[in-house]
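Notes follow once the structure below has been shown.
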Amino acid sequence: MLWPSFYPHWTQDKIELVQTHTAYVLLTGNYAYKVKKPVNYGFLNYTTLAARKHYVEEELRLNQRTAQEIYLAAIPIYQRGEQFSLLEQGEPVEYAVKMHQFPSGSLFSDLLAQDTLTPALIKRLAHQVAVFHQRAMVSDYIQSFGTVVKIRQAFDENYAQSLPYIGRGQTQQQLQDTQKYTDRIFTEHQERFQTRIQQQKIRECHGDLHLKNICLWQDRIFLFDCIEFNEAFRYVDTMYDVAFTVMDCDAHGRYDLGNLFLNTYLEETGDWEGLEVLPLYLSRQAYVRAKTTSFLLDDPTIDAENKEQIQTQSQAYYTLAWRYTQLHPGQLVLMSGLSGVGKSTVAQELALLTNALHIRSDAVRKHLAGMSLQQRGDANLYTSEMTQRTYDRLGDLGIRLAKLGHIVILDAKYDRIATRQTVLTQAKASRIPVSILVCQAPFGVICQRLQQRKDDISDATSELLTKQKVTAEALTHEEESLATYLDTNMNLRESIQALAAKMGSVTAYTSSAESPEC
């Protein structure tokens with residue numbers, strides 16, 4: 001397969017061979033061919049021709065869900081005498097996945113390294129993953145993989161396999177702390193996993209959704225190279241997939257991109273309850289990366305200098321896995337101000353700087369109504385009853401998630417004393433710090449912004465502003481002591497940065513580990 005003459009189509013002069021621990025990948029110029037190695041690692045077994053044929057076909061089927069234009073066919077490789085061919089001559093002796101070959105530098109990991117992975121691309125990715133998860137297959141059999149017993153097996157295996165690396169990247173204390181956290185979640189919070197099953201969040205997911213398995217080709221985003229070889233790695237919680245992408249951004253020091261991906265995904269799906277299990281999966285994905293990196297320390301073909309770098313990389317991942325399990329006191333931020341004043345802009349920027357959760361009332365309202373976020377609501381969506389339900393849900397999410405150790409920004413008008421006091425009372429009872437950010441701008445500027453607004457989930461129009469201005473209730477003396485006023489008609493960068501510095505970054509999935517190179 002290294003000879004151009006082997007292929008029944010044009011190829012580049014030199015066929016490039018890329019090897020992984022499970023496959024040979026032949027790059028021919030326009031097409032790539034992936035042949036599985038006859039290996040058995042326990043979690044995958046390709047040792048028989050029948051197994052390799054089956055998993056080649058499965059790889060094609062599963063990846064065509066998200067990358068149909070890349071994954072073209074499962075093809076046999078024939079042998080007649082001493083000659084091998086892709087043409088039907090002789091008996092099939094091997095099988096390959098035929099794919100379109102996309103240009104080098106197209107992976108999201110490449111874009112990140114080149115500093116061209118933009119917020120717009122991250123938001124597109126989040127929307128695409130959300131749609132993929134909503135359409136992913138679910139069944140009673142798939143749901144059975146969401147039990148604590150099934151999930152815990154992989155965690156326990158990871159810890160056991162990392163024991164030889166204590167003192168070589170991992171520390172005894174970090175291992176004990178990390179395992180203590182996951183053991184406690186599995187023992188004391190089994191209801192979280194049962195709820196995920198009841199909500200049908202255990203689905204046929206991707207299973208390996210890090211940045212090297214996402215590419216930008218012909219201005220389209222493709223998720224590829226999903227897990228085909230092990231059901232337990234594919235029949236997982238949707239948050240398992242989300243955690244891979246967030247962790248990979250965090251591991252490279254781009255917490256802002258991980259935060260934007262997470263908040264965009266949560267807003268699109270309404271799955272804020274998934275945050276109850278997200279730290280567990282974040283820690284798991286970082287730990288797996290640490291463990292597999294550590295395995296290279298035992299490779300006799302790698303020299304001492306490279307092994308020193310590998311140990312530094314594994315140490316960063318072990319530390320990242322540990323930090324995801326270290327909980328901190330949460331806090332609440334209430335946005336306040338007229339529609340169009342710039343609350344969401346401020347909230348998103350503040351979330352990026354503090355790794356906060358940003359929950360918009362517009363998204364909460366539409367999820368409660370069972371509507372698409374892009375669908376415009378009619379009068380029924382804005383009744384007093386629906387508004388009360390929206391604020392109740394918003395406040396409940398804020399309190400629950402702050403208790404888990406998150407900074408939570410509740411992005412709504414909060415222009416009535418009653419809605420503010422409900423949250424303040426609950427927060428006080430739970431000893432959760434609260435701050436209020438009041439956004440202001442000249443009335444004419446706000447009207448102009450609403451008239452120019454497009455591609456936004458909010459249904460607010462400039463006609464509503466006069467009524468909002470009349471009915472808005474001023475902050476009480478108690479609320480004033482918690483408030484910061486922002487003129488959104490001014491340059492806000494310094495003000496938001498000052499707020500972020502004051503708030504800190506205390507979310508349950510924050511890390512300050514040294515960024516590993518992958």
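Residue numbering restarts at 1 for every chain of the structure tokens, chains are lettered A, B, ... in their displayed order, and ligands are numbered from 1 as they appear.
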Write out as a PyMOL selection string each polymer residue whose atoms come within 9 Å of Pro433 of chain A, counting only C-alpha atoms; drop sequence neighbours fewer than 5 positions from it. chain A and resi 329-333+427-428
With N, CA and C atoms kept, could you save the residues just selected as a PDB file, in the first residue's frame?
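Writing the result to selection.pdb gives the following:
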```pdb
ATOM      1  N   PRO A 329     -16.275  27.489  47.189  1.00  0.00           N
ATOM      2  CA  PRO A 329     -17.577  28.154  47.381  1.00  0.00           C
ATOM      3  C   PRO A 329     -18.024  28.840  46.104  1.00  0.00           C
ATOM      4  N   GLY A 330     -19.282  28.652  45.745  1.00  0.00           N
ATOM      5  CA  GLY A 330     -19.826  29.294  44.555  1.00  0.00           C
ATOM      6  C   GLY A 330     -20.329  30.686  44.854  1.00  0.00           C
ATOM      7  N   GLN A 331     -20.798  31.353  43.822  1.00  0.00           N
ATOM      8  CA  GLN A 331     -21.394  32.675  44.004  1.00  0.00           C
ATOM      9  C   GLN A 331     -22.358  32.968  42.866  1.00  0.00           C
ATOM     10  N   LEU A 332     -23.247  33.915  43.104  1.00  0.00           N
ATOM     11  CA  LEU A 332     -24.266  34.300  42.138  1.00  0.00           C
ATOM     12  C   LEU A 332     -24.061  35.740  41.695  1.00  0.00           C
ATOM     13  N   VAL A 333     -24.316  35.963  40.425  1.00  0.00           N
ATOM     14  CA  VAL A 333     -24.324  37.310  39.874  1.00  0.00           C
ATOM     15  C   VAL A 333     -25.669  37.511  39.188  1.00  0.00           C
ATOM     16  N   ALA A 427     -30.302  32.647  48.503  1.00  0.00           N
ATOM     17  CA  ALA A 427     -28.844  32.678  48.553  1.00  0.00           C
ATOM     18  C   ALA A 427     -28.348  32.911  49.976  1.00  0.00           C
ATOM     19  N   LYS A 428     -29.031  33.788  50.680  1.00  0.00           N
ATOM     20  CA  LYS A 428     -28.644  34.066  52.062  1.00  0.00           C
ATOM     21  C   LYS A 428     -28.795  32.827  52.923  1.00  0.00           C
TER      22      LYS A 428
END
```
From a backbone DSSP assignment, name each residue in segment 278-355 of chain A labelled alpha helix (DSSP H), as a VMD selection string. chain A and resid 278 to 295 304 to 323 343 to 354
Near Gln176 of chain A, counting only C-alpha atoms, which residues have an atom at most 12 Å away, once you skip same-chain residues fewer than 2 positions from it, shown as a ChimeraX atom specification? /A:159-160,162-163,166,170-174,178-184,318,321-322,325
Selection: 12 Å around Gln64 of chain A, only C-alpha atoms, excl. self and same-chain fewer than 3 positions, as a ChimeraX atom specification: /A:57-61,67-74,97-99,132,206,222-226,228
Using only C-alpha atoms, which protein or nucleic acid residues come within 10 Å of Asp13 of chain A? Drop anything in the same chain fewer than 6 positions from it, and give the result as a ChimeraX atom specification. /A:3-4,28-29
Near-Leu17 of chain A list (12 Å; only C-alpha atoms; drop same-chain fewer than 4 positions) as number ranges by chain: A: 1-3, 23-29, 32-35
Output of the above residues as a short mmCIF file (atom, residue, chain, number, x, y, z; two decimals), in the first residue's frame, restricted to N, CA and C atoms:
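Result file follows (out_19.cif):
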```cif
data_model
loop_
_atom_site.label_atom_id
_atom_site.label_comp_id
_atom_site.auth_asym_id
_atom_site.auth_seq_id
_atom_site.Cartn_x
_atom_site.Cartn_y
_atom_site.Cartn_z
N MET A 1 0.81 -1.22 0.00
CA MET A 1 0.00 0.00 0.00
C MET A 1 0.85 1.27 0.00
N LEU A 2 2.17 1.11 0.11
CA LEU A 2 3.07 2.25 0.04
C LEU A 2 3.44 2.60 -1.40
N TRP A 3 3.01 1.77 -2.35
CA TRP A 3 3.32 2.02 -3.74
C TRP A 3 2.14 2.71 -4.42
N ALA A 23 -3.72 1.21 14.38
CA ALA A 23 -4.03 1.27 12.95
C ALA A 23 -2.86 1.80 12.13
N TYR A 24 -2.90 1.44 10.84
CA TYR A 24 -2.06 2.06 9.82
C TYR A 24 -2.96 3.00 9.01
N VAL A 25 -2.49 4.21 8.77
CA VAL A 25 -3.24 5.15 7.94
C VAL A 25 -2.36 5.54 6.76
N LEU A 26 -2.84 5.27 5.54
CA LEU A 26 -2.11 5.58 4.32
C LEU A 26 -2.70 6.84 3.68
N LEU A 27 -1.88 7.86 3.53
CA LEU A 27 -2.32 9.13 2.94
C LEU A 27 -1.83 9.18 1.51
N THR A 28 -2.78 9.23 0.56
CA THR A 28 -2.41 9.13 -0.86
C THR A 28 -2.50 10.45 -1.61
N GLY A 29 -3.05 11.46 -0.99
CA GLY A 29 -3.22 12.75 -1.65
C GLY A 29 -4.65 13.21 -1.59
N ALA A 32 -7.54 8.80 2.01
CA ALA A 32 -6.81 8.14 3.08
C ALA A 32 -7.42 6.76 3.30
N TYR A 33 -6.58 5.79 3.62
CA TYR A 33 -7.03 4.42 3.87
C TYR A 33 -6.56 4.02 5.27
N LYS A 34 -7.49 3.53 6.07
CA LYS A 34 -7.17 3.14 7.44
C LYS A 34 -7.34 1.63 7.59
N VAL A 35 -6.26 0.96 7.97
CA VAL A 35 -6.25 -0.49 8.16
C VAL A 35 -5.97 -0.78 9.63
#
```
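Using only C-alpha atoms, the smallest distance between any of A:Asn213, A:Thr292, A:Thr238, A:Gln218 and Leu266 of chain A comes from A:Thr238.
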Select from segment 38-141 of chain A everything DSSP, run on the backbone, classes as strand (DSSP E or B), then give the selection as number ranges by chain. A: 40, 45, 71-80, 83-85, 91-100, 107
Contacts of Gln200 of chain A within 12 Å, only C-alpha atoms, excl. fewer than 5 positions in-chain, as a ChimeraX atom specification: /A:133-146,193-195,235-238,271,274
